[in-house]
>>> print(open('final-v9.tsv').read())   # TSV, C-alpha atoms
chain	number	residue	atom	x	y	z
A	207	MET	CA	16.78	-119.13	-66.78
A	208	LYS	CA	14.23	-121.76	-67.76
A	209	PRO	CA	12.35	-122.51	-70.98
A	210	VAL	CA	8.89	-121.03	-71.34
A	211	VAL	CA	5.76	-121.83	-73.32
A	212	ALA	CA	5.73	-118.87	-75.70
A	213	ALA	CA	1.95	-118.44	-75.68
A	214	ASP	CA	2.02	-118.15	-71.86
A	215	VAL	CA	4.25	-115.06	-71.92
A	216	ASP	CA	2.35	-111.87	-71.03
A	217	PRO	CA	1.64	-109.59	-74.01
A	218	ARG	CA	3.54	-106.33	-74.31
A	219	THR	CA	1.76	-103.74	-72.20
A	220	LYS	CA	2.13	-100.94	-74.77
A	221	PRO	CA	0.36	-102.22	-77.89
A	222	SER	CA	2.25	-99.91	-80.28
A	223	ASN	CA	5.19	-97.50	-80.16
A	224	TYR	CA	3.74	-95.40	-83.00
A	225	PRO	CA	2.25	-91.99	-82.26
A	226	GLU	CA	-1.40	-91.47	-83.12
A	227	PRO	CA	-3.10	-91.74	-85.52
A	228	PHE	CA	-0.87	-94.70	-86.41
A	229	ALA	CA	-1.01	-96.57	-83.09
A	230	SER	CA	-4.75	-97.12	-83.45
A	231	ARG	CA	-4.17	-98.77	-86.80
A	232	MET	CA	-2.32	-101.57	-84.94
A	233	ARG	CA	-5.51	-102.69	-83.22
A	234	GLY	CA	-5.80	-106.48	-83.17
A	235	ARG	CA	-2.02	-106.98	-83.03
A	236	VAL	CA	-0.58	-108.57	-79.87
A	237	LYS	CA	3.16	-109.05	-79.29
A	238	ARG	CA	4.81	-111.37	-76.77
A	239	GLN	CA	8.44	-110.35	-76.35
A	240	LEU	CA	10.14	-113.71	-76.04
A	241	GLY	CA	13.72	-112.52	-76.31
A	242	ASP	CA	13.25	-110.09	-73.44
A	243	VAL	CA	12.12	-112.95	-71.17
A	244	PHE	CA	15.68	-114.27	-71.34
A	245	GLY	CA	17.49	-110.95	-71.29
A	246	LEU	CA	18.60	-111.04	-74.92
A	247	THR	CA	19.91	-107.67	-76.09
A	248	ASN	CA	21.40	-108.21	-79.56
A	249	PHE	CA	18.09	-109.09	-81.16
A	250	GLY	CA	14.42	-109.34	-80.26
A	251	VAL	CA	12.03	-112.23	-80.93
A	252	ASN	CA	8.30	-111.66	-80.71
A	253	LEU	CA	5.41	-114.11	-80.86
A	254	THR	CA	2.88	-111.93	-82.64
A	255	THR	CA	-0.82	-112.57	-83.13
A	256	LEU	CA	-2.83	-110.73	-85.77
A	257	ASP	CA	-6.58	-110.91	-85.47
A	258	ALA	CA	-8.61	-110.91	-88.68
A	259	GLY	CA	-8.08	-107.53	-90.33
A	260	ALA	CA	-5.02	-106.60	-88.27
A	261	VAL	CA	-1.65	-105.62	-89.71
A	262	SER	CA	1.93	-106.26	-88.59
A	263	ALA	CA	3.12	-102.67	-88.95
A	264	LEU	CA	2.90	-99.69	-91.24
A	265	GLN	CA	4.56	-100.25	-94.59
A	266	HIS	CA	8.21	-99.63	-93.68
A	267	ARG	CA	11.87	-100.37	-94.23
A	268	HIS	CA	14.89	-100.30	-91.92
A	269	SER	CA	18.21	-98.73	-92.89
A	270	LEU	CA	20.43	-101.00	-90.76
A	271	GLN	CA	18.36	-103.67	-89.05
A	272	ASP	CA	17.42	-107.02	-90.57
A	273	GLU	CA	14.03	-108.61	-89.94
A	274	PHE	CA	12.71	-112.16	-90.30
A	275	VAL	CA	9.20	-113.65	-90.04
A	276	PHE	CA	8.19	-117.32	-89.67
A	277	VAL	CA	4.47	-118.15	-89.77
A	278	LEU	CA	3.20	-120.59	-87.12
A	279	GLU	CA	-0.60	-120.52	-87.44
A	280	GLY	CA	-3.14	-119.09	-89.87
A	281	GLU	CA	-2.21	-117.01	-92.87
A	282	VAL	CA	-0.72	-113.58	-93.41
A	283	THR	CA	-0.46	-111.64	-96.65
A	284	LEU	CA	2.87	-110.03	-97.40
A	285	ILE	CA	2.77	-106.70	-99.21
A	286	MET	CA	6.24	-105.75	-100.47
A	287	GLY	CA	6.75	-103.80	-103.68
A	288	ASP	CA	5.06	-105.78	-106.41
A	289	VAL	CA	4.83	-108.88	-104.22
A	290	VAL	CA	1.44	-109.69	-102.69
A	291	GLU	CA	1.68	-113.23	-101.40
A	292	THR	CA	-0.07	-115.22	-98.69
A	293	LEU	CA	2.08	-117.23	-96.28
A	294	GLY	CA	0.86	-120.15	-94.22
A	295	PRO	CA	2.45	-122.17	-91.40
A	296	GLY	CA	6.05	-123.10	-92.11
A	297	SER	CA	6.62	-120.27	-94.58
A	298	CYS	CA	9.08	-117.50	-93.87
A	299	ILE	CA	10.40	-114.25	-95.29
A	300	GLY	CA	13.45	-112.17	-94.47
A	301	PHE	CA	13.78	-108.42	-94.85
A	302	PRO	CA	17.42	-107.38	-95.18
A	303	ALA	CA	18.33	-103.87	-94.08
A	304	GLY	CA	17.88	-101.36	-96.88
A	305	GLY	CA	15.54	-103.66	-98.81
A	306	ALA	CA	12.03	-103.05	-100.06
A	307	SER	CA	9.40	-101.65	-97.72
A	308	HIS	CA	6.92	-104.20	-96.48
A	309	HIS	CA	4.25	-105.20	-94.01
A	310	LEU	CA	1.90	-108.11	-93.35
A	311	GLU	CA	-1.89	-108.14	-93.24
A	312	ASN	CA	-4.29	-110.76	-91.93
A	313	ARG	CA	-6.85	-110.78	-94.73
A	314	GLY	CA	-8.48	-113.98	-93.46
A	315	THR	CA	-11.11	-114.67	-90.85
A	316	ASP	CA	-8.98	-116.54	-88.28
A	317	PRO	CA	-6.12	-115.21	-86.15
A	318	ALA	CA	-2.61	-115.61	-87.52
A	319	VAL	CA	0.45	-116.23	-85.36
A	320	TYR	CA	4.07	-115.72	-86.36
A	321	LEU	CA	7.54	-115.30	-84.93
A	322	GLU	CA	9.33	-112.09	-85.84
A	323	VAL	CA	13.03	-111.46	-85.29
A	324	GLY	CA	14.81	-108.13	-85.54
A	325	ASP	CA	18.26	-107.06	-84.48
A	326	ARG	CA	19.01	-103.92	-82.49
A	327	THR	CA	21.74	-102.25	-84.52
A	328	GLU	CA	22.30	-98.70	-83.27
A	329	GLY	CA	21.74	-95.81	-85.66
A	330	ASP	CA	18.86	-97.53	-87.45
A	331	ALA	CA	16.32	-95.35	-89.23
A	332	VAL	CA	12.89	-96.43	-90.42
A	333	SER	CA	11.11	-94.91	-93.40
A	334	TYR	CA	7.38	-95.19	-94.06
A	335	PRO	CA	6.68	-94.49	-97.73
A	336	ALA	CA	2.90	-94.34	-97.35
A	337	ASP	CA	2.68	-92.24	-94.17
A	338	ASP	CA	3.91	-88.88	-92.86
A	339	LEU	CA	6.21	-90.57	-90.38
A	340	GLN	CA	9.87	-91.40	-89.87
A	341	ALA	CA	11.72	-93.01	-86.98
A	342	ALA	CA	15.28	-93.01	-85.71
A	343	LYS	CA	16.75	-95.17	-82.99
A	344	GLY	CA	18.38	-92.98	-80.36
A	345	ALA	CA	19.94	-93.70	-76.98
A	346	LYS	CA	16.51	-93.56	-75.34
A	347	GLY	CA	14.70	-95.64	-77.92
A	348	TRP	CA	12.72	-94.84	-81.05
A	349	VAL	CA	11.99	-91.20	-81.91
A	350	PHE	CA	9.08	-90.65	-84.30
A	351	THR	CA	8.71	-87.44	-86.27
A	352	HIS	CA	6.86	-86.10	-89.27
A	353	LYS	CA	8.79	-86.39	-92.52
A	354	ASP	CA	9.87	-82.74	-92.14
A	355	GLY	CA	11.43	-83.59	-88.77
A	356	THR	CA	8.85	-81.93	-86.55
A	357	PRO	CA	7.81	-83.99	-83.54
A	358	TYR	CA	4.56	-85.81	-82.97
B	40	MET	CA	12.89	-111.62	-102.67
B	41	LYS	CA	9.94	-113.93	-102.14
B	42	PRO	CA	8.73	-116.00	-99.17
B	43	VAL	CA	9.82	-119.62	-99.00
B	44	VAL	CA	8.55	-122.78	-97.35
B	45	ALA	CA	11.27	-123.32	-94.76
B	46	ALA	CA	11.33	-127.11	-95.10
B	47	ASP	CA	11.96	-126.76	-98.86
B	48	VAL	CA	15.25	-124.89	-98.35
B	49	ASP	CA	18.29	-127.03	-99.14
B	50	PRO	CA	20.20	-128.22	-96.06
B	51	ARG	CA	23.61	-126.70	-95.32
B	52	THR	CA	26.17	-128.59	-97.38
B	53	LYS	CA	28.75	-128.74	-94.58
B	54	PRO	CA	27.04	-130.59	-91.73
B	55	SER	CA	29.32	-129.15	-89.02
B	56	ASN	CA	32.00	-126.48	-88.68
B	57	TYR	CA	33.69	-128.36	-85.82
B	58	PRO	CA	36.98	-130.14	-86.40
B	59	GLU	CA	37.06	-133.88	-85.83
B	60	PRO	CA	36.42	-135.74	-83.63
B	61	PHE	CA	33.63	-133.28	-82.79
B	62	ALA	CA	32.05	-132.95	-86.24
B	63	SER	CA	31.10	-136.62	-86.26
B	64	ARG	CA	29.23	-136.15	-83.01
B	65	MET	CA	26.82	-133.87	-84.92
B	66	ARG	CA	25.54	-136.78	-87.00
B	67	GLY	CA	21.76	-136.66	-87.38
B	68	ARG	CA	21.64	-132.85	-87.23
B	69	VAL	CA	20.49	-131.00	-90.36
B	70	LYS	CA	20.42	-127.20	-90.64
B	71	ARG	CA	18.51	-125.12	-93.20
B	72	GLN	CA	19.93	-121.61	-93.21
B	73	LEU	CA	16.79	-119.53	-93.62
B	74	GLY	CA	18.31	-116.13	-92.94
B	75	ASP	CA	20.91	-116.63	-95.64
B	76	VAL	CA	18.16	-117.25	-98.22
B	77	PHE	CA	17.19	-113.60	-97.85
B	78	GLY	CA	20.67	-112.15	-97.47
B	79	LEU	CA	20.38	-111.33	-93.77
B	80	THR	CA	23.74	-110.48	-92.24
B	81	ASN	CA	23.06	-109.22	-88.71
B	82	PHE	CA	21.71	-112.54	-87.48
B	83	GLY	CA	21.17	-116.08	-88.70
B	84	VAL	CA	18.02	-118.19	-88.49
B	85	ASN	CA	18.23	-121.93	-89.00
B	86	LEU	CA	15.51	-124.54	-89.29
B	87	THR	CA	17.26	-127.43	-87.58
B	88	THR	CA	16.21	-131.06	-87.47
B	89	LEU	CA	17.60	-133.46	-84.86
B	90	ASP	CA	17.08	-137.13	-85.51
B	91	ALA	CA	16.60	-139.40	-82.49
B	92	GLY	CA	19.86	-139.37	-80.56
B	93	ALA	CA	21.26	-136.27	-82.26
B	94	VAL	CA	22.43	-133.14	-80.44
B	95	SER	CA	22.25	-129.45	-81.29
B	96	ALA	CA	25.90	-128.68	-80.55
B	97	LEU	CA	28.62	-129.41	-78.05
B	98	GLN	CA	27.94	-127.97	-74.61
B	99	HIS	CA	28.99	-124.34	-75.16
B	100	ARG	CA	28.57	-120.66	-74.34
B	101	HIS	CA	29.15	-117.50	-76.37
B	102	SER	CA	30.94	-114.46	-74.99
B	103	LEU	CA	29.11	-111.84	-77.08
B	104	GLN	CA	26.41	-113.48	-79.19
B	105	ASP	CA	22.87	-114.17	-78.03
B	106	GLU	CA	21.01	-117.31	-79.07
B	107	PHE	CA	17.33	-118.27	-79.13
B	108	VAL	CA	15.53	-121.57	-79.82
B	109	PHE	CA	11.82	-122.15	-80.56
B	110	VAL	CA	10.61	-125.76	-80.85
B	111	LEU	CA	8.31	-126.55	-83.78
B	112	GLU	CA	7.98	-130.35	-83.80
B	113	GLY	CA	8.93	-133.21	-81.52
B	114	GLU	CA	10.81	-132.75	-78.26
B	115	VAL	CA	14.32	-131.68	-77.32
B	116	THR	CA	15.96	-131.88	-73.93
B	117	LEU	CA	17.82	-128.81	-72.76
B	118	ILE	CA	20.95	-129.41	-70.70
B	119	MET	CA	22.14	-126.16	-69.07
B	120	GLY	CA	23.84	-126.10	-65.69
B	121	ASP	CA	21.45	-127.79	-63.27
B	122	VAL	CA	18.57	-127.52	-65.72
B	123	VAL	CA	17.55	-130.68	-67.59
B	124	GLU	CA	14.18	-129.96	-69.15
B	125	THR	CA	12.28	-131.27	-72.15
B	126	LEU	CA	10.72	-128.74	-74.52
B	127	GLY	CA	7.88	-129.48	-76.92
B	128	PRO	CA	6.29	-127.46	-79.73
B	129	GLY	CA	5.65	-123.86	-78.77
B	130	SER	CA	8.31	-123.78	-76.05
B	131	CYS	CA	11.36	-121.58	-76.31
B	132	ILE	CA	14.58	-120.73	-74.53
B	133	GLY	CA	17.02	-117.86	-74.90
B	134	PHE	CA	20.73	-117.97	-74.19
B	135	PRO	CA	22.10	-114.50	-73.47
B	136	ALA	CA	25.78	-113.89	-74.21
B	137	GLY	CA	27.95	-114.81	-71.27
B	138	GLY	CA	25.29	-117.04	-69.74
B	139	ALA	CA	25.42	-120.69	-68.75
B	140	SER	CA	26.76	-123.25	-71.21
B	141	HIS	CA	24.09	-125.35	-72.85
B	142	HIS	CA	23.06	-127.69	-75.61
B	143	LEU	CA	20.00	-129.67	-76.71
B	144	GLU	CA	19.59	-133.40	-77.15
B	145	ASN	CA	16.88	-135.38	-78.88
B	146	ARG	CA	16.34	-138.15	-76.33
B	147	GLY	CA	13.13	-139.33	-77.99
B	148	THR	CA	12.42	-141.65	-80.88
B	149	ASP	CA	11.02	-139.13	-83.38
B	150	PRO	CA	12.80	-136.28	-85.15
B	151	ALA	CA	12.64	-132.87	-83.50
B	152	VAL	CA	12.52	-129.59	-85.43
B	153	TYR	CA	13.28	-126.14	-84.07
B	154	LEU	CA	14.18	-122.64	-85.17
B	155	GLU	CA	17.45	-121.26	-83.84
B	156	VAL	CA	18.49	-117.63	-84.01
B	157	GLY	CA	21.95	-116.25	-83.33
B	158	ASP	CA	23.46	-112.87	-84.01
B	159	ARG	CA	26.82	-112.30	-85.66
B	160	THR	CA	28.57	-109.92	-83.27
B	161	GLU	CA	32.25	-109.66	-84.20
B	162	GLY	CA	34.83	-110.71	-81.63
B	163	ASP	CA	32.69	-113.51	-80.25
B	164	ALA	CA	34.44	-116.39	-78.52
B	165	VAL	CA	32.92	-119.77	-77.72
B	166	SER	CA	33.98	-121.93	-74.80
B	167	TYR	CA	33.27	-125.67	-74.49
B	168	PRO	CA	33.56	-126.72	-70.85
B	169	ALA	CA	33.38	-130.46	-71.56
B	170	ASP	CA	35.72	-130.63	-74.57
B	171	ASP	CA	39.28	-129.67	-75.50
B	172	LEU	CA	38.07	-127.01	-77.89
B	173	GLN	CA	37.66	-123.27	-78.14
B	174	ALA	CA	36.49	-121.03	-80.97
B	175	ALA	CA	36.97	-117.40	-81.91
B	176	LYS	CA	35.22	-115.48	-84.65
B	177	GLY	CA	37.80	-113.90	-86.95
B	178	ALA	CA	37.53	-112.02	-90.21
B	179	LYS	CA	37.49	-115.31	-92.14
B	180	GLY	CA	35.01	-117.08	-89.92
B	181	TRP	CA	35.33	-119.37	-86.92
B	182	VAL	CA	38.76	-120.54	-85.84
B	183	PHE	CA	38.81	-123.68	-83.68
B	184	THR	CA	41.79	-124.54	-81.49
B	185	HIS	CA	42.68	-126.76	-78.58
B	186	LYS	CA	42.28	-125.08	-75.20
B	187	ASP	CA	46.04	-124.37	-75.19
B	188	GLY	CA	45.66	-122.46	-78.45
B	189	THR	CA	47.24	-125.03	-80.76
B	190	PRO	CA	45.36	-125.58	-84.02
B	191	TYR	CA	43.25	-128.57	-85.02
>>> encode(input="final-v9.tsv", output="structure tokens")
Amino acid sequence: MKPVVAADVDPRTKPSNYPEPFASRMRGRVKRQLGDVFGLTNFGVNLTTLDAGAVSALQHRHSLQDEFVFVLEGEVTLIMGDVVETLGPGSCIGFPAGGASHHLENRGTDPAVYLEVGDRTEGDAVSYPADDLQAAKGAKGWVFTHKDGTPY
Amino acid sequence: MKPVVAADVDPRTKPSNYPEPFASRMRGRVKRQLGDVFGLTNFGVNLTTLDAGAVSALQHRHSLQDEFVFVLEGEVTLIMGDVVETLGPGSCIGFPAGGASHHLENRGTDPAVYLEVGDRTEGDAVSYPADDLQAAKGAKGWVFTHKDGTPY
């Protein structure tokens, strides 16, 4: 177990876990799974790059898992309820479980880079207020369905 | 809930949770508890500054909790088993639960700044191979004792 230069870690091979048509909306988003490099299991840490125009995720909220974002380079715009605020390097935001739905957008012209942390609490469910999608964390990973429970 | 500039967050009022004589050895270490700003409970995120000569912690390992460090400014030297390696900005290291004991030292002349993440799994125990100290996470927080179980 040795330290690594985060930017040298290979990007995640599967760009998005979402089913289509949502996965394609994550174009321009690249995640490097830093926590996995070291075998961490209680939480994940990603070094995520958003190209100009890319988004962090669909607007969403977790029922049980906390999330945290720390901006390293460039700027991202947070959209969360009534909050629309641009964060630069050194700014951070936390998303406690059960809080307001949120996502980030790169509305600039340069890439943005941030660290994102999320724990792996079992039984988590994710709701997506703007999309016909819901997710539940099962023993085999995330299961995505339509809001009426039918599979994608 | 709004984003914050991490460096503007007030430092933790209690510099160290260790009993003496160990607390004094943490002189020059300042922690800003970013996760707490947003009410996160599943994990903590600190922005930690080590002045020249300061250390991150006593040499230690957790039984159940994972840890992760990402260097933002300056350099820190990781001491972990046979590994003695200096990390600069953009480098990271993860410490899975039950892994090798470790700590960081600022052996340079300038302050070093890093993000540290740790989860809050109940029942965690911390061992300190180089010191007459052990810690267990109870309902009221960390309890520190001598290695023979007598209190400090």
>>> interface_residues(input="final-v9.tsv", of="chain B", to="chain A", cutoff="7 Å", atoms="all atoms listed in the file", output="PDB file with C-alpha atoms, keeping the file's coordinate frame")
ATOM      1  CA  LYS B  41       9.940-113.930-102.140  1.00  0.00           C
ATOM      2  CA  PRO B  42       8.730-116.000 -99.170  1.00  0.00           C
ATOM      3  CA  VAL B  43       9.820-119.620 -99.000  1.00  0.00           C
ATOM      4  CA  VAL B  44       8.550-122.780 -97.350  1.00  0.00           C
ATOM      5  CA  ALA B  45      11.270-123.320 -94.760  1.00  0.00           C
ATOM      6  CA  GLY B  74      18.310-116.130 -92.940  1.00  0.00           C
ATOM      7  CA  PHE B  77      17.190-113.600 -97.850  1.00  0.00           C
ATOM      8  CA  GLY B  78      20.670-112.150 -97.470  1.00  0.00           C
ATOM      9  CA  LEU B  79      20.380-111.330 -93.770  1.00  0.00           C
ATOM     10  CA  ASN B  81      23.060-109.220 -88.710  1.00  0.00           C
ATOM     11  CA  ASP B 105      22.870-114.170 -78.030  1.00  0.00           C
ATOM     12  CA  GLY B 129       5.650-123.860 -78.770  1.00  0.00           C
ATOM     13  CA  SER B 130       8.310-123.780 -76.050  1.00  0.00           C
ATOM     14  CA  CYS B 131      11.360-121.580 -76.310  1.00  0.00           C
ATOM     15  CA  ILE B 132      14.580-120.730 -74.530  1.00  0.00           C
ATOM     16  CA  GLY B 133      17.020-117.860 -74.900  1.00  0.00           C
ATOM     17  CA  PHE B 134      20.730-117.970 -74.190  1.00  0.00           C
ATOM     18  CA  PRO B 135      22.100-114.500 -73.470  1.00  0.00           C
ATOM     19  CA  ASP B 158      23.460-112.870 -84.010  1.00  0.00           C
TER      20      ASP B 158
END
>>> atom_distance(input="final-v9.tsv", atom1="CA of Gly162 (chain B)", atom2="CA of Trp181 (chain B)")
10.2 Å
>>> residues_around(input="final-v9.tsv", residues="Ala175 (chain B)", least_positions_apart="5", cutoff="7 Å", atoms="only C-alpha atoms", output="ChimeraX atom specification")
/B:163-165,181-183
>>> residues_near_point(input="final-v9.tsv", point="(2.4, -86.5, -83.7)", cutoff="8 Å", atoms="all atoms listed in the file", output="PDB file with C-alpha atoms, in the frame of the given file")
ATOM      1  CA  PRO A 225       2.250 -91.990 -82.260  1.00  0.00           C
ATOM      2  CA  GLU A 226      -1.400 -91.470 -83.120  1.00  0.00           C
ATOM      3  CA  PRO A 227      -3.100 -91.740 -85.520  1.00  0.00           C
ATOM      4  CA  PHE A 350       9.080 -90.650 -84.300  1.00  0.00           C
ATOM      5  CA  THR A 351       8.710 -87.440 -86.270  1.00  0.00           C
ATOM      6  CA  HIS A 352       6.860 -86.100 -89.270  1.00  0.00           C
ATOM      7  CA  PRO A 357       7.810 -83.990 -83.540  1.00  0.00           C
ATOM      8  CA  TYR A 358       4.560 -85.810 -82.970  1.00  0.00           C
TER       9      TYR A 358
END
>>> atom_distance(input="final-v9.tsv", atom1="CA of Asp257 (chain A)", atom2="CA of Thr315 (chain A)")
8.0 Å
>>> residues_around(input="final-v9.tsv", residues="Gly347 (chain A)", least_positions_apart="6", cutoff="10 Å", atoms="all atoms listed in the file", output="list in words")
Asn223, Glu328 and Ala341 of chain A
>>> axis_aligned_box(input="final-v9.tsv", around="region 131-143 of chain B", padding_each_side="8 Å", output="JSON")
{"center_x": 19.7, "center_y": -121.8, "center_z": -72.7, "size_x": 32.6, "size_y": 31.8, "size_z": 24.0}
>>> atom_distance(input="final-v9.tsv", atom1="CA of Val319 (chain A)", atom2="CA of His266 (chain A)")
20.1 Å
>>> closest_residue(input="final-v9.tsv", among="B:Gly67, B:Pro168, B:Gly147, B:Gly188", to="Ser95 (chain B)", atoms="only C-alpha atoms")
B:Gly67
>>> decode(input="final-v9.tsv", residues="region 116-129 of chain B", atoms="N, CA, C and O atoms", output="short mmCIF file (atom, residue, chain, number, x, y, z; two decimals), in the first residue's frame")
data_model
loop_
_atom_site.label_atom_id
_atom_site.label_comp_id
_atom_site.auth_asym_id
_atom_site.auth_seq_id
_atom_site.Cartn_x
_atom_site.Cartn_y
_atom_site.Cartn_z
N THR B 116 5.22 13.69 5.15
CA THR B 116 5.92 12.40 5.04
C THR B 116 5.09 11.33 5.74
O THR B 116 4.75 11.47 6.91
N LEU B 117 4.77 10.32 4.98
CA LEU B 117 4.01 9.18 5.50
C LEU B 117 4.98 8.18 6.12
O LEU B 117 5.98 7.81 5.48
N ILE B 118 4.68 7.78 7.35
CA ILE B 118 5.44 6.70 7.99
C ILE B 118 4.46 5.56 8.25
O ILE B 118 3.50 5.70 9.01
N MET B 119 4.67 4.43 7.57
CA MET B 119 3.73 3.31 7.65
C MET B 119 4.51 2.02 7.41
O MET B 119 4.90 1.74 6.27
N GLY B 120 4.76 1.26 8.45
CA GLY B 120 5.56 0.05 8.29
C GLY B 120 6.91 0.41 7.70
O GLY B 120 7.61 1.29 8.23
N ASP B 121 7.28 -0.23 6.63
CA ASP B 121 8.56 0.05 5.98
C ASP B 121 8.50 1.26 5.05
O ASP B 121 9.53 1.68 4.52
N VAL B 122 7.32 1.79 4.86
CA VAL B 122 7.14 2.90 3.91
C VAL B 122 7.45 4.23 4.60
O VAL B 122 6.87 4.55 5.64
N VAL B 123 8.39 4.98 4.04
CA VAL B 123 8.62 6.37 4.45
C VAL B 123 8.64 7.15 3.14
O VAL B 123 9.59 7.04 2.36
N GLU B 124 7.56 7.88 2.89
CA GLU B 124 7.43 8.50 1.56
C GLU B 124 6.80 9.88 1.70
O GLU B 124 5.87 10.06 2.47
N THR B 125 7.34 10.82 0.94
CA THR B 125 6.84 12.20 1.01
C THR B 125 5.80 12.43 -0.07
O THR B 125 6.02 12.08 -1.23
N LEU B 126 4.69 13.02 0.34
CA LEU B 126 3.55 13.27 -0.55
C LEU B 126 3.39 14.78 -0.73
O LEU B 126 3.37 15.53 0.25
N GLY B 127 3.23 15.19 -1.98
CA GLY B 127 2.95 16.59 -2.29
C GLY B 127 1.52 16.78 -2.77
O GLY B 127 0.74 15.82 -2.80
N PRO B 128 1.18 17.99 -3.17
CA PRO B 128 -0.19 18.28 -3.61
C PRO B 128 -0.65 17.35 -4.73
O PRO B 128 0.08 17.10 -5.69
N GLY B 129 -1.86 16.84 -4.55
CA GLY B 129 -2.42 15.92 -5.54
C GLY B 129 -2.15 14.47 -5.26
O GLY B 129 -2.69 13.60 -5.95
#
